[in-house]
Amino acid sequence: MLLCTVPSYLRKLCSQVYGSHLSYISSSLVNAQVVLNKFNCLDLDGNGVLTPNELQYFYEEQLHRMECMAQEPVLFEDILCQIVDMIAPEREDYITLRDLKGCKLSGNVFNILFNLNKFVAFESRDPFLIRQEREEPALTEWDRFAHREYIRLSMEEDVEDVSNGSAEVWDESFEAPF
């Protein structure tokens, strides 16, 4: 079993049931339970499926929060399209628990509907960074940062050399070492 970070409310609830053995619990079991709990929160009528109306009910609160924070609101139709694209449910007219459990992006769906800060961060993410993460998933965040800084500093150095009149000829066949 893996050691994982368990939210305090879940730790308190589970410690009453399982005692001190909670520190060693599989993260997949915790994640499955979290998905189930959040699914049950969203499933207002308890029929086992999430309809666009149920999703819109929760998104309305996010819209209100966006307006209060002077954020540009995102139309629910666009959000629904994003959610369907992320989850890729078996049927497009509703989402099941099975659809959410089978998707690695279910956390993003819950953030869209429950957590405004994470939703805004998700909406304003850097497309260049996303592409870079997909192309080189083995690189750490530090590696990406070092690579960006290397490129930036190299470009600054080139500009300084040109302005000083001491520019060397740069062979286009050379690439950055990253």
# chains A, B, ... in the order shown; residues from 1 in each chain; ligands from 1

$ residues_around --residues "A:Leu36" --least-positions-apart "5" --cutoff "9 Å" --atoms "only C-alpha atoms" --output "PDB file with N, CA and C atoms, in the first residue's frame"
ATOM      1  N   ASN A  31      -9.017   7.958  -4.025  1.00  0.00           N
ATOM      2  CA  ASN A  31      -9.504   8.690  -5.184  1.00  0.00           C
ATOM      3  C   ASN A  31     -10.855   8.164  -5.642  1.00  0.00           C
ATOM      4  N   CYS A  41     -22.768  14.051  -4.627  1.00  0.00           N
ATOM      5  CA  CYS A  41     -23.151  15.451  -4.392  1.00  0.00           C
ATOM      6  C   CYS A  41     -23.790  16.058  -5.632  1.00  0.00           C
ATOM      7  N   LEU A  97     -21.181   7.452 -13.135  1.00  0.00           N
ATOM      8  CA  LEU A  97     -20.054   7.274 -12.225  1.00  0.00           C
ATOM      9  C   LEU A  97     -18.944   6.497 -12.923  1.00  0.00           C
ATOM     10  N   LEU A 100     -16.854   8.809 -15.012  1.00  0.00           N
ATOM     11  CA  LEU A 100     -15.938   9.629 -14.218  1.00  0.00           C
ATOM     12  C   LEU A 100     -14.772   8.815 -13.669  1.00  0.00           C
ATOM     13  N   LYS A 101     -15.053   7.611 -13.216  1.00  0.00           N
ATOM     14  CA  LYS A 101     -13.978   6.772 -12.670  1.00  0.00           C
ATOM     15  C   LYS A 101     -12.998   6.346 -13.758  1.00  0.00           C
TER      16      LYS A 101
END

$ closest_residue --among "A:Gln62, A:Thr140, A:Asn115, A:Asn108" --to "A:Leu75" --atoms "only C-alpha atoms"
A:Gln62

$ closest_residue --among "A:Leu63, A:Leu42, A:Val49, A:Leu55" --to "A:Val120" --atoms "only C-alpha atoms"
A:Leu63

$ select_by_dssp --residues "stretch 45-138 of chain A" --states "strand (DSSP E or B)" --output "JSON, numbers by chain"
{"A": [49, 50, 95, 96]}

$ write_last_selection --atoms "all heavy atoms" --output "short mmCIF file (atom, residue, chain, number, x, y, z; two decimals), in the first residue's frame"
data_model
loop_
_atom_site.label_atom_id
_atom_site.label_comp_id
_atom_site.auth_asym_id
_atom_site.auth_seq_id
_atom_site.Cartn_x
_atom_site.Cartn_y
_atom_site.Cartn_z
N VAL A 49 -27.07 9.20 -12.66
CA VAL A 49 -26.50 9.87 -13.83
C VAL A 49 -26.49 11.38 -13.59
O VAL A 49 -27.33 11.92 -12.87
CB VAL A 49 -27.28 9.56 -15.14
CG1 VAL A 49 -27.22 8.08 -15.47
CG2 VAL A 49 -28.71 10.03 -15.07
N LEU A 50 -25.51 12.04 -14.20
CA LEU A 50 -25.42 13.49 -14.12
C LEU A 50 -25.91 14.08 -15.44
O LEU A 50 -25.33 13.81 -16.49
CB LEU A 50 -23.98 13.92 -13.86
CG LEU A 50 -23.31 13.39 -12.60
CD1 LEU A 50 -21.87 13.88 -12.50
CD2 LEU A 50 -24.10 13.78 -11.37
N ILE A 95 -23.70 11.76 -17.81
CA ILE A 95 -22.43 11.22 -17.35
C ILE A 95 -22.71 10.27 -16.21
O ILE A 95 -23.47 10.59 -15.29
CB ILE A 95 -21.48 12.35 -16.89
CG1 ILE A 95 -21.15 13.27 -18.06
CG2 ILE A 95 -20.22 11.79 -16.26
CD1 ILE A 95 -20.42 14.54 -17.66
N THR A 96 -22.08 9.11 -16.24
CA THR A 96 -22.26 8.13 -15.17
C THR A 96 -21.03 8.11 -14.27
O THR A 96 -19.98 8.64 -14.62
CB THR A 96 -22.48 6.71 -15.74
OG1 THR A 96 -21.29 6.32 -16.44
CG2 THR A 96 -23.67 6.67 -16.70
#

$ residues_around --residues "A:Leu113" --least-positions-apart "3" --cutoff "10 Å" --atoms "only C-alpha atoms" --output "list in words"
Leu42, Leu55, Gln56, Tyr57, Phe58, Tyr59, Glu60, Glu61, Gln62, Leu63, Ile79, Asn108, Val109, Phe110, Leu116, Lys118 and Phe119 of chain A

$ write_last_selection --atoms "C-alpha atoms" --output "PDB file, in the first residue's frame"
ATOM      1  CA  LEU A  42     -23.744  16.320  -8.041  1.00  0.00           C
ATOM      2  CA  LEU A  55     -24.193  20.271 -13.776  1.00  0.00           C
ATOM      3  CA  GLN A  56     -25.646  23.688 -14.586  1.00  0.00           C
ATOM      4  CA  TYR A  57     -27.154  23.925 -11.096  1.00  0.00           C
ATOM      5  CA  PHE A  58     -23.660  23.778  -9.577  1.00  0.00           C
ATOM      6  CA  TYR A  59     -22.043  25.883 -12.286  1.00  0.00           C
ATOM      7  CA  GLU A  60     -24.498  28.719 -11.549  1.00  0.00           C
ATOM      8  CA  GLU A  61     -22.747  29.201  -8.196  1.00  0.00           C
ATOM      9  CA  GLN A  62     -19.396  29.450  -9.960  1.00  0.00           C
ATOM     10  CA  LEU A  63     -20.833  32.070 -12.323  1.00  0.00           C
ATOM     11  CA  ILE A  79     -18.257  24.411 -20.011  1.00  0.00           C
ATOM     12  CA  ASN A 108     -10.832  18.952 -13.388  1.00  0.00           C
ATOM     13  CA  VAL A 109     -14.584  18.484 -13.774  1.00  0.00           C
ATOM     14  CA  PHE A 110     -15.055  18.709 -10.013  1.00  0.00           C
ATOM     15  CA  LEU A 116     -13.313  28.613  -8.465  1.00  0.00           C
ATOM     16  CA  LYS A 118      -8.618  25.898  -9.543  1.00  0.00           C
ATOM     17  CA  PHE A 119     -11.179  26.461 -12.300  1.00  0.00           C
TER      18      PHE A 119
END

$ decode --residues "stretch 102-118 of chain A" --atoms "N, CA and C atoms" --output "tab-separated table (two decimals), in the first residue's frame"
chain	number	residue	atom	x	y	z
A	102	GLY	N	-13.47	6.25	-14.98
A	102	GLY	CA	-12.60	5.83	-16.09
A	102	GLY	C	-11.83	6.97	-16.72
A	103	CYS	N	-11.95	8.16	-16.17
A	103	CYS	CA	-11.31	9.34	-16.76
A	103	CYS	C	-10.29	9.93	-15.80
A	104	LYS	N	-9.10	10.23	-16.31
A	104	LYS	CA	-8.06	10.83	-15.48
A	104	LYS	C	-8.33	12.31	-15.21
A	105	LEU	N	-9.24	12.90	-15.95
A	105	LEU	CA	-9.51	14.33	-15.81
A	105	LEU	C	-10.74	14.64	-14.97
A	106	SER	N	-11.26	13.64	-14.26
A	106	SER	CA	-12.47	13.88	-13.47
A	106	SER	C	-12.23	14.95	-12.40
A	107	GLY	N	-11.03	15.03	-11.88
A	107	GLY	CA	-10.71	16.08	-10.91
A	107	GLY	C	-10.92	17.48	-11.48
A	108	ASN	N	-10.60	17.65	-12.75
A	108	ASN	CA	-10.83	18.95	-13.39
A	108	ASN	C	-12.32	19.28	-13.47
A	109	VAL	N	-13.13	18.26	-13.72
A	109	VAL	CA	-14.58	18.48	-13.77
A	109	VAL	C	-15.08	18.96	-12.41
A	110	PHE	N	-14.63	18.31	-11.35
A	110	PHE	CA	-15.05	18.71	-10.01
A	110	PHE	C	-14.55	20.10	-9.68
A	111	ASN	N	-13.34	20.45	-10.12
A	111	ASN	CA	-12.83	21.80	-9.89
A	111	ASN	C	-13.66	22.84	-10.63
A	112	ILE	N	-14.09	22.52	-11.83
A	112	ILE	CA	-14.92	23.45	-12.60
A	112	ILE	C	-16.21	23.76	-11.83
A	113	LEU	N	-16.76	22.75	-11.20
A	113	LEU	CA	-18.06	22.89	-10.54
A	113	LEU	C	-17.98	23.31	-9.08
A	114	PHE	N	-16.84	23.07	-8.40
A	114	PHE	CA	-16.77	23.32	-6.96
A	114	PHE	C	-15.71	24.32	-6.53
A	115	ASN	N	-14.61	24.46	-7.26
A	115	ASN	CA	-13.46	25.21	-6.79
A	115	ASN	C	-13.10	26.30	-7.80
A	116	LEU	N	-13.51	27.52	-7.51
A	116	LEU	CA	-13.31	28.61	-8.46
A	116	LEU	C	-11.83	28.90	-8.73
A	117	ASN	N	-11.01	28.88	-7.70
A	117	ASN	CA	-9.58	29.18	-7.91
A	117	ASN	C	-8.94	28.18	-8.86
A	118	LYS	N	-9.19	26.91	-8.66
A	118	LYS	CA	-8.62	25.90	-9.54
A	118	LYS	C	-9.25	25.96	-10.93
